[in-house]
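See below for model.cif, which holds mmCIF, C-alpha atoms.
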data_target
loop_
_atom_site.group_PDB
_atom_site.id
_atom_site.type_symbol
_atom_site.label_atom_id
_atom_site.label_comp_id
_atom_site.auth_asym_id
_atom_site.auth_seq_id
_atom_site.Cartn_x
_atom_site.Cartn_y
_atom_site.Cartn_z
ATOM 1 C CA MET Q 1 0.000 0.000 0.000
ATOM 2 C CA THR Q 2 1.374 3.417 -0.923
ATOM 3 C CA ASN Q 3 1.637 6.138 1.703
ATOM 4 C CA ASP Q 4 -0.948 8.176 -0.174
ATOM 5 C CA ARG Q 5 -3.462 5.356 0.007
ATOM 6 C CA TYR Q 6 -2.520 4.606 3.625
ATOM 7 C CA LEU Q 7 -3.271 8.248 4.527
ATOM 8 C CA ILE Q 8 -6.761 8.066 2.998
ATOM 9 C CA VAL Q 9 -7.624 4.690 4.542
ATOM 10 C CA SER Q 10 -6.222 5.470 7.997
ATOM 11 C CA TYR Q 11 -7.874 8.913 8.136
ATOM 12 C CA PHE Q 12 -11.348 7.500 7.571
ATOM 13 C CA ALA Q 13 -10.632 4.467 9.772
ATOM 14 C CA VAL Q 14 -9.775 6.780 12.674
ATOM 15 C CA ALA Q 15 -12.940 8.804 11.960
ATOM 16 C CA ALA Q 16 -14.946 5.575 12.207
ATOM 17 C CA MET Q 17 -13.085 4.750 15.413
ATOM 18 C CA ALA Q 18 -14.127 8.119 16.887
ATOM 19 C CA VAL Q 19 -17.765 7.290 16.172
ATOM 20 C CA ALA Q 20 -17.327 3.758 17.569
ATOM 21 C CA LEU Q 21 -15.656 4.950 20.795
ATOM 22 C CA ALA Q 22 -18.275 7.625 21.425
ATOM 23 C CA GLY Q 23 -21.022 5.114 20.580
ATOM 24 C CA ALA Q 24 -19.613 2.484 22.936
ATOM 25 C CA THR Q 25 -19.397 5.040 25.756
ATOM 26 C CA TRP Q 26 -22.952 6.164 25.070
ATOM 27 C CA LEU Q 27 -24.267 2.572 25.087
ATOM 28 C CA TYR Q 28 -22.387 1.829 28.313
ATOM 29 C CA LEU Q 29 -23.879 4.836 30.131
ATOM 30 C CA ARG Q 30 -27.202 5.285 28.340
ATOM 31 C CA ARG Q 31 -29.406 3.227 30.672
ATOM 32 C CA SER Q 32 -28.174 4.725 33.940
ATOM 33 C CA PHE Q 33 -28.278 8.235 32.469
ATOM 34 C CA GLY Q 34 -31.860 7.692 31.278
ATOM 35 C CA GLY Q 35 -32.767 6.323 34.708
ATOM 36 C CA ILE Q 36 -31.430 9.423 36.452
ATOM 37 C CA THR Q 37 -33.190 11.911 34.196
ATOM 38 C CA GLN Q 38 -36.467 9.985 34.375
ATOM 39 C CA THR Q 39 -36.367 9.699 38.171
ATOM 40 C CA LEU Q 40 -35.538 13.335 38.637
ATOM 41 C CA SER Q 41 -37.855 14.904 36.129
ATOM 42 C CA ALA Q 42 -40.426 13.308 33.893
ATOM 43 C CA GLY Q 43 -41.027 16.448 31.830
ATOM 44 C CA ASN Q 44 -39.176 18.357 29.162
ATOM 45 C CA LEU Q 45 -35.849 18.445 31.027
ATOM 46 C CA SER Q 46 -35.636 14.649 30.889
ATOM 47 C CA ARG Q 47 -36.299 14.624 27.137
ATOM 48 C CA ILE Q 48 -33.788 17.407 26.473
ATOM 49 C CA MET Q 49 -31.113 15.660 28.528
ATOM 50 C CA LYS Q 50 -31.677 12.317 26.804
ATOM 51 C CA ALA Q 51 -31.381 13.967 23.407
ATOM 52 C CA MET Q 52 -28.307 15.986 24.383
ATOM 53 C CA PHE Q 53 -26.355 13.131 25.958
ATOM 54 C CA PRO Q 54 -25.292 11.347 22.726
ATOM 55 C CA ALA Q 55 -24.508 14.706 21.104
ATOM 56 C CA GLY Q 56 -22.414 15.577 24.143
ATOM 57 C CA LEU Q 57 -20.283 12.476 23.546
ATOM 58 C CA PHE Q 58 -20.145 12.286 19.740
ATOM 59 C CA LEU Q 59 -19.234 15.948 19.211
ATOM 60 C CA PRO Q 60 -16.239 15.955 21.603
ATOM 61 C CA ALA Q 61 -15.036 12.701 19.980
ATOM 62 C CA PHE Q 62 -15.296 14.333 16.562
ATOM 63 C CA LEU Q 63 -13.573 17.440 17.902
ATOM 64 C CA GLY Q 64 -10.714 15.256 19.148
ATOM 65 C CA PHE Q 65 -10.468 13.715 15.681
ATOM 66 C CA VAL Q 66 -10.385 16.965 13.720
ATOM 67 C CA SER Q 67 -8.219 18.881 16.206
ATOM 68 C CA VAL Q 68 -5.046 17.021 15.143
ATOM 69 C CA SER Q 69 -3.424 18.676 12.156
ATOM 70 C CA TYR Q 70 -1.313 16.858 9.586
ATOM 71 C CA ARG Q 71 0.107 20.137 8.316
ATOM 72 C CA GLY Q 72 2.215 20.927 11.409
ATOM 73 C CA CYS Q 73 5.022 23.451 10.737
ATOM 74 C CA GLY Q 74 3.651 24.251 7.242
ATOM 75 C CA LYS Q 75 4.348 20.837 5.688
ATOM 76 C CA SER Q 76 3.301 20.318 2.100
ATOM 77 C CA TYR Q 77 1.222 17.302 1.053
ATOM 78 C CA GLU Q 78 4.294 15.629 -0.476
ATOM 79 C CA GLU Q 79 6.231 16.048 2.785
ATOM 80 C CA ILE Q 80 3.299 14.632 4.771
ATOM 81 C CA VAL Q 81 3.008 11.442 2.711
ATOM 82 C CA LYS Q 82 6.781 10.976 2.401
ATOM 83 C CA GLU Q 83 7.191 9.034 5.674
ATOM 84 C CA ARG Q 84 4.852 6.300 6.891
ATOM 85 C CA SER Q 85 6.048 6.783 10.489
ATOM 86 C CA TYR Q 86 4.789 10.389 10.455
ATOM 87 C CA LEU Q 87 1.347 9.211 9.326
ATOM 88 C CA ILE Q 88 1.206 6.527 12.039
ATOM 89 C CA GLN Q 89 2.250 9.105 14.632
ATOM 90 C CA ARG Q 90 -0.602 11.433 13.553
ATOM 91 C CA ASN Q 91 -3.092 8.534 13.718
ATOM 92 C CA GLN Q 92 -1.980 7.753 17.256
ATOM 93 C CA GLU Q 93 -2.335 11.398 18.224
ATOM 94 C CA GLN Q 94 -5.832 11.492 16.758
ATOM 95 C CA ILE Q 95 -6.967 8.425 18.738
ATOM 96 C CA SER Q 96 -5.373 9.816 21.888
ATOM 97 C CA SER Q 97 -7.130 13.143 21.379
ATOM 98 C CA ILE Q 98 -10.476 11.378 20.797
ATOM 99 C CA LEU Q 99 -10.127 9.398 24.057
ATOM 100 C CA LEU Q 100 -9.132 12.446 26.085
ATOM 101 C CA TRP Q 101 -11.981 14.572 24.692
ATOM 102 C CA ILE Q 102 -14.525 11.848 25.528
ATOM 103 C CA ALA Q 103 -13.112 11.658 29.069
ATOM 104 C CA ALA Q 104 -13.391 15.461 29.389
ATOM 105 C CA ALA Q 105 -16.982 15.326 28.085
ATOM 106 C CA LEU Q 106 -17.821 12.711 30.719
ATOM 107 C CA LEU Q 107 -16.524 14.982 33.474
ATOM 108 C CA PHE Q 108 -18.813 17.692 32.100
ATOM 109 C CA TRP Q 109 -21.825 15.311 32.135
ATOM 110 C CA ASP Q 110 -21.007 14.248 35.697
ATOM 111 C CA LEU Q 111 -21.206 17.907 36.639
ATOM 112 C CA ILE Q 112 -24.523 18.370 34.819
ATOM 113 C CA ILE Q 113 -26.030 15.385 36.685
ATOM 114 C CA LEU Q 114 -24.804 16.891 39.939
ATOM 115 C CA PHE Q 115 -26.506 20.215 39.161
ATOM 116 C CA ILE Q 116 -29.758 18.414 38.301
ATOM 117 C CA LEU Q 117 -29.612 16.408 41.557
ATOM 118 C CA ARG Q 118 -28.993 19.543 43.553
ATOM 119 C CA PHE Q 119 -31.731 21.483 41.778
ATOM 120 C CA VAL Q 120 -34.318 18.733 42.328
ATOM 121 C CA ARG Q 121 -33.424 18.261 46.001
ATOM 122 C CA THR Q 122 -33.502 21.987 46.677
ATOM 123 C CA SER Q 123 -36.880 22.433 44.975
ATOM 124 C CA SER Q 124 -38.392 19.361 46.693
ATOM 125 C CA GLN Q 125 -37.407 20.508 50.222
ATOM 126 C CA PRO Q 126 -40.032 22.684 52.005
ATOM 127 C CA SER Q 127 -38.734 26.210 52.513
ATOM 128 C CA ALA Q 128 -38.777 28.031 55.844
ATOM 129 C CA GLU Q 129 -41.480 30.370 54.551
ATOM 130 C CA SER Q 130 -43.821 27.602 53.422
ATOM 131 C CA PRO Q 131 -47.329 27.531 54.942
ATOM 132 C CA ASP Q 132 -46.663 24.124 56.565
ATOM 133 C CA THR Q 133 -43.950 25.477 58.817
ATOM 134 C CA ARG Q 134 -46.175 28.294 60.056
ATOM 135 C CA LEU Q 135 -48.847 25.896 61.330
ATOM 136 C CA PRO Q 136 -48.950 25.566 65.154
ATOM 137 C CA MET D 1 7.534 -6.903 14.215
ATOM 138 C CA SER D 2 9.976 -4.150 15.131
ATOM 139 C CA ALA D 3 11.148 -3.495 18.666
ATOM 140 C CA ASN D 4 9.307 -0.159 18.630
ATOM 141 C CA ILE D 5 5.982 -1.989 18.294
ATOM 142 C CA TYR D 6 6.857 -4.337 21.184
ATOM 143 C CA ALA D 7 7.774 -1.328 23.326
ATOM 144 C CA PHE D 8 4.520 0.404 22.412
ATOM 145 C CA MET D 9 2.537 -2.733 23.278
ATOM 146 C CA ALA D 10 4.341 -2.953 26.629
ATOM 147 C CA LEU D 11 3.399 0.657 27.353
ATOM 148 C CA PHE D 12 -0.217 0.030 26.315
ATOM 149 C CA VAL D 13 -0.538 -3.027 28.587
ATOM 150 C CA LEU D 14 1.150 -1.207 31.480
ATOM 151 C CA SER D 15 -1.254 1.732 31.079
ATOM 152 C CA ALA D 16 -4.286 -0.571 31.169
ATOM 153 C CA ALA D 17 -2.823 -2.335 34.226
ATOM 154 C CA LEU D 18 -2.231 1.005 35.918
ATOM 155 C CA ALA D 19 -5.809 2.117 35.290
ATOM 156 C CA THR D 20 -7.082 -1.231 36.654
ATOM 157 C CA GLY D 21 -4.774 -0.907 39.658
ATOM 158 C CA VAL D 22 -6.260 2.487 40.494
ATOM 159 C CA PHE D 23 -9.886 1.550 39.773
ATOM 160 C CA LEU D 24 -10.215 -1.757 41.678
ATOM 161 C CA PRO D 25 -9.142 -0.567 45.157
ATOM 162 C CA LEU D 26 -11.255 2.598 44.844
ATOM 163 C CA ARG D 27 -14.415 0.980 43.432
ATOM 164 C CA ASP D 28 -16.085 -0.264 46.621
ATOM 165 C CA ALA D 29 -15.276 2.813 48.680
ATOM 166 C CA LEU D 30 -16.513 5.093 45.910
ATOM 167 C CA ARG D 31 -19.717 3.065 45.552
ATOM 168 C CA GLY D 32 -20.367 3.364 49.294
ATOM 169 C CA LEU D 33 -19.740 7.098 49.228
ATOM 170 C CA LEU D 34 -22.013 7.615 46.233
ATOM 171 C CA GLN D 35 -24.768 5.463 47.755
ATOM 172 C CA ARG D 36 -24.812 7.703 50.828
ATOM 173 C CA THR D 37 -24.700 10.983 48.916
ATOM 174 C CA VAL D 38 -26.447 10.495 45.568
ATOM 175 C CA ARG D 39 -29.011 7.989 46.982
ATOM 176 C CA LEU D 40 -30.182 6.994 43.534
ATOM 177 C CA PRO D 41 -29.175 3.554 42.141
ATOM 178 C CA ASP D 42 -28.917 4.834 38.568
ATOM 179 C CA GLY D 43 -26.903 7.817 39.767
ATOM 180 C CA VAL D 44 -24.430 5.547 41.573
ATOM 181 C CA THR D 45 -24.090 3.352 38.470
ATOM 182 C CA PHE D 46 -23.597 6.388 36.218
ATOM 183 C CA TYR D 47 -20.892 7.970 38.384
ATOM 184 C CA LEU D 48 -19.065 4.644 38.851
ATOM 185 C CA ARG D 49 -19.137 3.802 35.160
ATOM 186 C CA SER D 50 -18.055 7.279 34.149
ATOM 187 C CA PHE D 51 -15.148 6.977 36.614
ATOM 188 C CA PHE D 52 -14.145 3.688 34.962
ATOM 189 C CA VAL D 53 -14.324 5.146 31.440
ATOM 190 C CA LEU D 54 -12.511 8.302 32.552
ATOM 191 C CA LEU D 55 -9.620 6.350 34.077
ATOM 192 C CA PHE D 56 -9.180 3.990 31.123
ATOM 193 C CA PHE D 57 -9.580 6.616 28.420
ATOM 194 C CA SER D 58 -7.133 8.994 30.105
ATOM 195 C CA ALA D 59 -4.566 6.191 30.559
ATOM 196 C CA LEU D 60 -4.908 4.836 27.017
ATOM 197 C CA GLY D 61 -5.045 8.379 25.601
ATOM 198 C CA GLY D 62 -1.763 9.131 27.364
ATOM 199 C CA ALA D 63 -0.191 5.937 25.974
ATOM 200 C CA LEU D 64 -1.398 6.559 22.410
ATOM 201 C CA GLY D 65 -0.208 10.158 22.486
ATOM 202 C CA PHE D 66 3.362 8.923 22.923
ATOM 203 C CA THR D 67 5.468 7.789 19.958
ATOM 204 C CA PHE D 68 8.306 5.275 19.745
ATOM 205 C CA ASP D 69 10.803 6.389 17.125
ATOM 206 C CA LEU D 70 13.996 4.624 18.235
ATOM 207 C CA LYS D 71 16.423 3.462 15.562
ATOM 208 C CA PRO D 72 16.601 -0.318 14.833
ATOM 209 C CA GLY D 73 20.024 -0.796 16.464
ATOM 210 C CA SER D 74 19.027 0.786 19.801
ATOM 211 C CA HIS D 75 19.984 -0.880 23.090
ATOM 212 C CA PHE D 76 17.493 -2.649 25.338
ATOM 213 C CA MET D 77 17.726 0.034 28.052
ATOM 214 C CA GLU D 78 16.917 2.741 25.526
ATOM 215 C CA TYR D 79 13.568 1.039 24.944
ATOM 216 C CA VAL D 80 13.060 0.732 28.706
ATOM 217 C CA TRP D 81 13.715 4.468 29.148
ATOM 218 C CA ARG D 82 11.324 5.249 26.321
ATOM 219 C CA VAL D 83 8.608 3.114 27.962
ATOM 220 C CA ALA D 84 9.323 4.883 31.270
ATOM 221 C CA SER D 85 8.925 8.259 29.550
ATOM 222 C CA GLY D 86 5.656 7.058 28.043
ATOM 223 C CA LEU D 87 4.492 5.952 31.491
ATOM 224 C CA SER D 88 5.200 9.432 32.855
ATOM 225 C CA ASN D 89 2.928 10.766 30.104
ATOM 226 C CA VAL D 90 0.228 8.230 31.043
ATOM 227 C CA ILE D 91 0.438 9.004 34.759
ATOM 228 C CA ALA D 92 0.306 12.758 34.108
ATOM 229 C CA GLN D 93 -2.884 12.354 32.055
ATOM 230 C CA MET D 94 -4.434 10.037 34.637
ATOM 231 C CA LEU D 95 -3.638 12.417 37.481
ATOM 232 C CA LEU D 96 -5.145 15.322 35.576
ATOM 233 C CA TYR D 97 -8.450 13.505 35.070
ATOM 234 C CA LEU D 98 -8.394 11.931 38.546
ATOM 235 C CA GLY D 99 -7.968 15.448 39.928
ATOM 236 C CA GLY D 100 -11.010 16.562 37.950
ATOM 237 C CA TYR D 101 -13.045 13.655 39.307
ATOM 238 C CA LEU D 102 -11.817 14.355 42.842
ATOM 239 C CA VAL D 103 -12.978 17.966 42.572
ATOM 240 C CA LEU D 104 -16.328 16.698 41.300
ATOM 241 C CA THR D 105 -16.652 14.207 44.196
ATOM 242 C CA THR D 106 -15.862 16.992 46.651
ATOM 243 C CA ILE D 107 -18.587 19.159 45.120
ATOM 244 C CA ILE D 108 -21.021 16.204 45.306
ATOM 245 C CA LEU D 109 -20.178 15.704 48.986
ATOM 246 C CA SER D 110 -20.425 19.360 49.911
ATOM 247 C CA SER D 111 -23.543 20.169 47.939
ATOM 248 C CA LEU D 112 -25.616 17.007 48.432
ATOM 249 C CA LYS D 113 -24.632 15.413 51.735
ATOM 250 C CA ILE D 114 -24.373 18.530 53.872
ATOM 251 C CA LYS D 115 -27.702 19.700 52.521
ATOM 252 C CA ASP D 116 -29.366 16.426 53.598
ATOM 253 C CA ASP D 117 -27.723 16.418 57.006
ATOM 254 C CA LYS D 118 -29.469 19.667 57.989
#

Have the structure of the file written as C-alpha coordinates, please.
Amino acid sequence: MTNDRYLIVSYFAVAAMAVALAGATWLYLRRSFGGITQTLSAGNLSRIMKAMFPAGLFLPAFLGFVSVSYRGCGKSYEEIVKERSYLIQRNQEQISSILLWIAAALLFWDLIILFILRFVRTSSQPSAESPDTRLP
Amino acid sequence: MSANIYAFMALFVLSAALATGVFLPLRDALRGLLQRTVRLPDGVTFYLRSFFVLLFFSALGGALGFTFDLKPGSHFMEYVWRVASGLSNVIAQMLLYLGGYLVLTTIILSSLKIKDDK
(Lines of atoms letter the chains of each structure in order from A and count residues from 1; the text may use other names and numbers.)
(Lines give C-alpha, C1' and ligand atoms only; values in the text may rest on other atoms or scores of the structure.)
Protein backbone atom coordinates (compact mmCIF):
# COMPACT_ATOMS: atom_id res chain seq x y z
CA MET A 1 0.00 0.00 0.00
CA THR A 2 1.37 3.42 -0.92
CA ASN A 3 1.64 6.14 1.70
CA ASP A 4 -0.95 8.18 -0.17
CA ARG A 5 -3.46 5.36 0.01
CA TYR A 6 -2.52 4.61 3.63
CA LEU A 7 -3.27 8.25 4.53
CA ILE A 8 -6.76 8.07 3.00
CA VAL A 9 -7.62 4.69 4.54
CA SER A 10 -6.22 5.47 8.00
CA TYR A 11 -7.87 8.91 8.14
CA PHE A 12 -11.35 7.50 7.57
CA ALA A 13 -10.63 4.47 9.77
CA VAL A 14 -9.77 6.78 12.67
CA ALA A 15 -12.94 8.80 11.96
CA ALA A 16 -14.95 5.57 12.21
CA MET A 17 -13.09 4.75 15.41
CA ALA A 18 -14.13 8.12 16.89
CA VAL A 19 -17.77 7.29 16.17
CA ALA A 20 -17.33 3.76 17.57
CA LEU A 21 -15.66 4.95 20.79
CA ALA A 22 -18.27 7.62 21.42
CA GLY A 23 -21.02 5.11 20.58
CA ALA A 24 -19.61 2.48 22.94
CA THR A 25 -19.40 5.04 25.76
CA TRP A 26 -22.95 6.16 25.07
CA LEU A 27 -24.27 2.57 25.09
CA TYR A 28 -22.39 1.83 28.31
CA LEU A 29 -23.88 4.84 30.13
CA ARG A 30 -27.20 5.28 28.34
CA ARG A 31 -29.41 3.23 30.67
CA SER A 32 -28.17 4.72 33.94
CA PHE A 33 -28.28 8.23 32.47
CA GLY A 34 -31.86 7.69 31.28
CA GLY A 35 -32.77 6.32 34.71
CA ILE A 36 -31.43 9.42 36.45
CA THR A 37 -33.19 11.91 34.20
CA GLN A 38 -36.47 9.98 34.37
CA THR A 39 -36.37 9.70 38.17
CA LEU A 40 -35.54 13.34 38.64
CA SER A 41 -37.86 14.90 36.13
CA ALA A 42 -40.43 13.31 33.89
CA GLY A 43 -41.03 16.45 31.83
CA ASN A 44 -39.18 18.36 29.16
CA LEU A 45 -35.85 18.44 31.03
CA SER A 46 -35.64 14.65 30.89
CA ARG A 47 -36.30 14.62 27.14
CA ILE A 48 -33.79 17.41 26.47
CA MET A 49 -31.11 15.66 28.53
CA LYS A 50 -31.68 12.32 26.80
CA ALA A 51 -31.38 13.97 23.41
CA MET A 52 -28.31 15.99 24.38
CA PHE A 53 -26.35 13.13 25.96
CA PRO A 54 -25.29 11.35 22.73
CA ALA A 55 -24.51 14.71 21.10
CA GLY A 56 -22.41 15.58 24.14
CA LEU A 57 -20.28 12.48 23.55
CA PHE A 58 -20.15 12.29 19.74
CA LEU A 59 -19.23 15.95 19.21
CA PRO A 60 -16.24 15.95 21.60
CA ALA A 61 -15.04 12.70 19.98
CA PHE A 62 -15.30 14.33 16.56
CA LEU A 63 -13.57 17.44 17.90
CA GLY A 64 -10.71 15.26 19.15
CA PHE A 65 -10.47 13.72 15.68
CA VAL A 66 -10.39 16.96 13.72
CA SER A 67 -8.22 18.88 16.21
CA VAL A 68 -5.05 17.02 15.14
CA SER A 69 -3.42 18.68 12.16
CA TYR A 70 -1.31 16.86 9.59
CA ARG A 71 0.11 20.14 8.32
CA GLY A 72 2.22 20.93 11.41
CA CYS A 73 5.02 23.45 10.74
CA GLY A 74 3.65 24.25 7.24
CA LYS A 75 4.35 20.84 5.69
CA SER A 76 3.30 20.32 2.10
CA TYR A 77 1.22 17.30 1.05
CA GLU A 78 4.29 15.63 -0.48
CA GLU A 79 6.23 16.05 2.79
CA ILE A 80 3.30 14.63 4.77
CA VAL A 81 3.01 11.44 2.71
CA LYS A 82 6.78 10.98 2.40
CA GLU A 83 7.19 9.03 5.67
CA ARG A 84 4.85 6.30 6.89
CA SER A 85 6.05 6.78 10.49
CA TYR A 86 4.79 10.39 10.46
CA LEU A 87 1.35 9.21 9.33
CA ILE A 88 1.21 6.53 12.04
CA GLN A 89 2.25 9.11 14.63
CA ARG A 90 -0.60 11.43 13.55
CA ASN A 91 -3.09 8.53 13.72
CA GLN A 92 -1.98 7.75 17.26
CA GLU A 93 -2.33 11.40 18.22
CA GLN A 94 -5.83 11.49 16.76
CA ILE A 95 -6.97 8.42 18.74
CA SER A 96 -5.37 9.82 21.89
CA SER A 97 -7.13 13.14 21.38
CA ILE A 98 -10.48 11.38 20.80
CA LEU A 99 -10.13 9.40 24.06
CA LEU A 100 -9.13 12.45 26.09
CA TRP A 101 -11.98 14.57 24.69
CA ILE A 102 -14.53 11.85 25.53
CA ALA A 103 -13.11 11.66 29.07
CA ALA A 104 -13.39 15.46 29.39
CA ALA A 105 -16.98 15.33 28.08
CA LEU A 106 -17.82 12.71 30.72
CA LEU A 107 -16.52 14.98 33.47
CA PHE A 108 -18.81 17.69 32.10
CA TRP A 109 -21.82 15.31 32.13
CA ASP A 110 -21.01 14.25 35.70
CA LEU A 111 -21.21 17.91 36.64
CA ILE A 112 -24.52 18.37 34.82
CA ILE A 113 -26.03 15.38 36.68
CA LEU A 114 -24.80 16.89 39.94
CA PHE A 115 -26.51 20.22 39.16
CA ILE A 116 -29.76 18.41 38.30
CA LEU A 117 -29.61 16.41 41.56
CA ARG A 118 -28.99 19.54 43.55
CA PHE A 119 -31.73 21.48 41.78
CA VAL A 120 -34.32 18.73 42.33
CA ARG A 121 -33.42 18.26 46.00
CA THR A 122 -33.50 21.99 46.68
CA SER A 123 -36.88 22.43 44.97
CA SER A 124 -38.39 19.36 46.69
CA GLN A 125 -37.41 20.51 50.22
CA PRO A 126 -40.03 22.68 52.01
CA SER A 127 -38.73 26.21 52.51
CA ALA A 128 -38.78 28.03 55.84
CA GLU A 129 -41.48 30.37 54.55
CA SER A 130 -43.82 27.60 53.42
CA PRO A 131 -47.33 27.53 54.94
CA ASP A 132 -46.66 24.12 56.56
CA THR A 133 -43.95 25.48 58.82
CA ARG A 134 -46.18 28.29 60.06
CA LEU A 135 -48.85 25.90 61.33
CA PRO A 136 -48.95 25.57 65.15
CA MET B 1 7.53 -6.90 14.22
CA SER B 2 9.98 -4.15 15.13
CA ALA B 3 11.15 -3.50 18.67
CA ASN B 4 9.31 -0.16 18.63
CA ILE B 5 5.98 -1.99 18.29
CA TYR B 6 6.86 -4.34 21.18
CA ALA B 7 7.77 -1.33 23.33
CA PHE B 8 4.52 0.40 22.41
CA MET B 9 2.54 -2.73 23.28
CA ALA B 10 4.34 -2.95 26.63
CA LEU B 11 3.40 0.66 27.35
CA PHE B 12 -0.22 0.03 26.32
CA VAL B 13 -0.54 -3.03 28.59
CA LEU B 14 1.15 -1.21 31.48
CA SER B 15 -1.25 1.73 31.08
CA ALA B 16 -4.29 -0.57 31.17
CA ALA B 17 -2.82 -2.33 34.23
CA LEU B 18 -2.23 1.01 35.92
CA ALA B 19 -5.81 2.12 35.29
CA THR B 20 -7.08 -1.23 36.65
CA GLY B 21 -4.77 -0.91 39.66
CA VAL B 22 -6.26 2.49 40.49
CA PHE B 23 -9.89 1.55 39.77
CA LEU B 24 -10.22 -1.76 41.68
CA PRO B 25 -9.14 -0.57 45.16
CA LEU B 26 -11.26 2.60 44.84
CA ARG B 27 -14.41 0.98 43.43
CA ASP B 28 -16.08 -0.26 46.62
CA ALA B 29 -15.28 2.81 48.68
CA LEU B 30 -16.51 5.09 45.91
CA ARG B 31 -19.72 3.07 45.55
CA GLY B 32 -20.37 3.36 49.29
CA LEU B 33 -19.74 7.10 49.23
CA LEU B 34 -22.01 7.62 46.23
CA GLN B 35 -24.77 5.46 47.75
CA ARG B 36 -24.81 7.70 50.83
CA THR B 37 -24.70 10.98 48.92
CA VAL B 38 -26.45 10.50 45.57
CA ARG B 39 -29.01 7.99 46.98
CA LEU B 40 -30.18 6.99 43.53
CA PRO B 41 -29.18 3.55 42.14
CA ASP B 42 -28.92 4.83 38.57
CA GLY B 43 -26.90 7.82 39.77
CA VAL B 44 -24.43 5.55 41.57
CA THR B 45 -24.09 3.35 38.47
CA PHE B 46 -23.60 6.39 36.22
CA TYR B 47 -20.89 7.97 38.38
CA LEU B 48 -19.06 4.64 38.85
CA ARG B 49 -19.14 3.80 35.16
CA SER B 50 -18.06 7.28 34.15
CA PHE B 51 -15.15 6.98 36.61
CA PHE B 52 -14.14 3.69 34.96
CA VAL B 53 -14.32 5.15 31.44
CA LEU B 54 -12.51 8.30 32.55
CA LEU B 55 -9.62 6.35 34.08
CA PHE B 56 -9.18 3.99 31.12
CA PHE B 57 -9.58 6.62 28.42
CA SER B 58 -7.13 8.99 30.10
CA ALA B 59 -4.57 6.19 30.56
CA LEU B 60 -4.91 4.84 27.02
CA GLY B 61 -5.05 8.38 25.60
CA GLY B 62 -1.76 9.13 27.36
CA ALA B 63 -0.19 5.94 25.97
CA LEU B 64 -1.40 6.56 22.41
CA GLY B 65 -0.21 10.16 22.49
CA PHE B 66 3.36 8.92 22.92
CA THR B 67 5.47 7.79 19.96
CA PHE B 68 8.31 5.27 19.75
CA ASP B 69 10.80 6.39 17.12
CA LEU B 70 14.00 4.62 18.23
CA LYS B 71 16.42 3.46 15.56
CA PRO B 72 16.60 -0.32 14.83
CA GLY B 73 20.02 -0.80 16.46
CA SER B 74 19.03 0.79 19.80
CA HIS B 75 19.98 -0.88 23.09
CA PHE B 76 17.49 -2.65 25.34
CA MET B 77 17.73 0.03 28.05
CA GLU B 78 16.92 2.74 25.53
CA TYR B 79 13.57 1.04 24.94
CA VAL B 80 13.06 0.73 28.71
CA TRP B 81 13.71 4.47 29.15
CA ARG B 82 11.32 5.25 26.32
CA VAL B 83 8.61 3.11 27.96
CA ALA B 84 9.32 4.88 31.27
CA SER B 85 8.92 8.26 29.55
CA GLY B 86 5.66 7.06 28.04
CA LEU B 87 4.49 5.95 31.49
CA SER B 88 5.20 9.43 32.86
CA ASN B 89 2.93 10.77 30.10
CA VAL B 90 0.23 8.23 31.04
CA ILE B 91 0.44 9.00 34.76
CA ALA B 92 0.31 12.76 34.11
CA GLN B 93 -2.88 12.35 32.05
CA MET B 94 -4.43 10.04 34.64
CA LEU B 95 -3.64 12.42 37.48
CA LEU B 96 -5.15 15.32 35.58
CA TYR B 97 -8.45 13.51 35.07
CA LEU B 98 -8.39 11.93 38.55
CA GLY B 99 -7.97 15.45 39.93
CA GLY B 100 -11.01 16.56 37.95
CA TYR B 101 -13.04 13.65 39.31
CA LEU B 102 -11.82 14.36 42.84
CA VAL B 103 -12.98 17.97 42.57
CA LEU B 104 -16.33 16.70 41.30
CA THR B 105 -16.65 14.21 44.20
CA THR B 106 -15.86 16.99 46.65
CA ILE B 107 -18.59 19.16 45.12
CA ILE B 108 -21.02 16.20 45.31
CA LEU B 109 -20.18 15.70 48.99
CA SER B 110 -20.43 19.36 49.91
CA SER B 111 -23.54 20.17 47.94
CA LEU B 112 -25.62 17.01 48.43
CA LYS B 113 -24.63 15.41 51.74
CA ILE B 114 -24.37 18.53 53.87
CA LYS B 115 -27.70 19.70 52.52
CA ASP B 116 -29.37 16.43 53.60
CA ASP B 117 -27.72 16.42 57.01
CA LYS B 118 -29.47 19.67 57.99

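Of note, atom CA of D:Val90 and atom CA of D:Phe68 are spaced 14.2 Å apart.
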
Near stretch 69-79 of chain D, 12 Å: stretch 18-116 of chain Q residue rows, closest pairs, all atoms listed in the file, as CSV:
residue,atom,partner,partner_atom,distance
Q:Arg84,CA,D:Asp69,CA,11.8
Q:Ser85,CA,D:Asp69,CA,8.2
Q:Tyr86,CA,D:Asp69,CA,9.8
Q:Ile88,CA,D:Asp69,CA,10.9
Q:Gln89,CA,D:Asp69,CA,9.3

* Asked: What residues in chain D have any atom no more than 6 Å from chain Q when counting only C-alpha atoms, and can you write them as a count of residues only?
  -> 9

* Of the residues Q:Ala61, Q:Met49, Q:Met1, Q:Cys73, which is the one nearest to Q:Met17, using all atoms listed in the file? ->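 Selected residue with least distance to Q:Met17: Q:Ala61.
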
* Between D:Leu55, D:Ile5, D:Ile107, D:Ala10, which has the minimum distance to D:Arg27 (counting all atoms listed in the file)? ->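 Checking each candidate against D:Arg27, we get D:Leu55 as the closest.
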
* To do: Please measure the separation of atom CA of D:Asn4 and atom CA of D:Thr67, giving the value in Å to one decimal.
  =>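 So the answer is 8.9 Å.
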
* Could you work out how far atom CA of Q:Met52 lies from atom CA of D:Leu96, giving the answer in Å with one decimal? ->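 Separation between atom CA of D:Leu96 and atom CA of Q:Met52: 25.7 Å.
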
* Apply the PyMOL selection byres ((chain D and resi 32-40) around 8) to the structure shown and report the selected residues as a ChimeraX atom specification. => /Q:36,117 /D:28-31,41-44,47,108-109,112-113

* Fewer than 3 positions away in the same chain doesn't count, so skip those; otherwise give me all residues within 9 Å of Q:Gly23, counting only C-alpha atoms, as JSON, numbers by chain. => {"Q": [18, 19, 20, 26, 27, 28, 54, 57, 58]}

* Which neighbours of D:Leu11 fall inside 10 Å, counting all atoms listed in the file, when residues of the same chain fewer than 5 positions from it are skipped, and could you give them as a list in words? -> Ile5, Tyr6, Ala16, Ala17, Leu60, Gly62, Ala63, Leu64, Phe66, Val80, Arg82, Val83, Ala84, Ser85, Gly86, Leu87 and Val90 of chain D
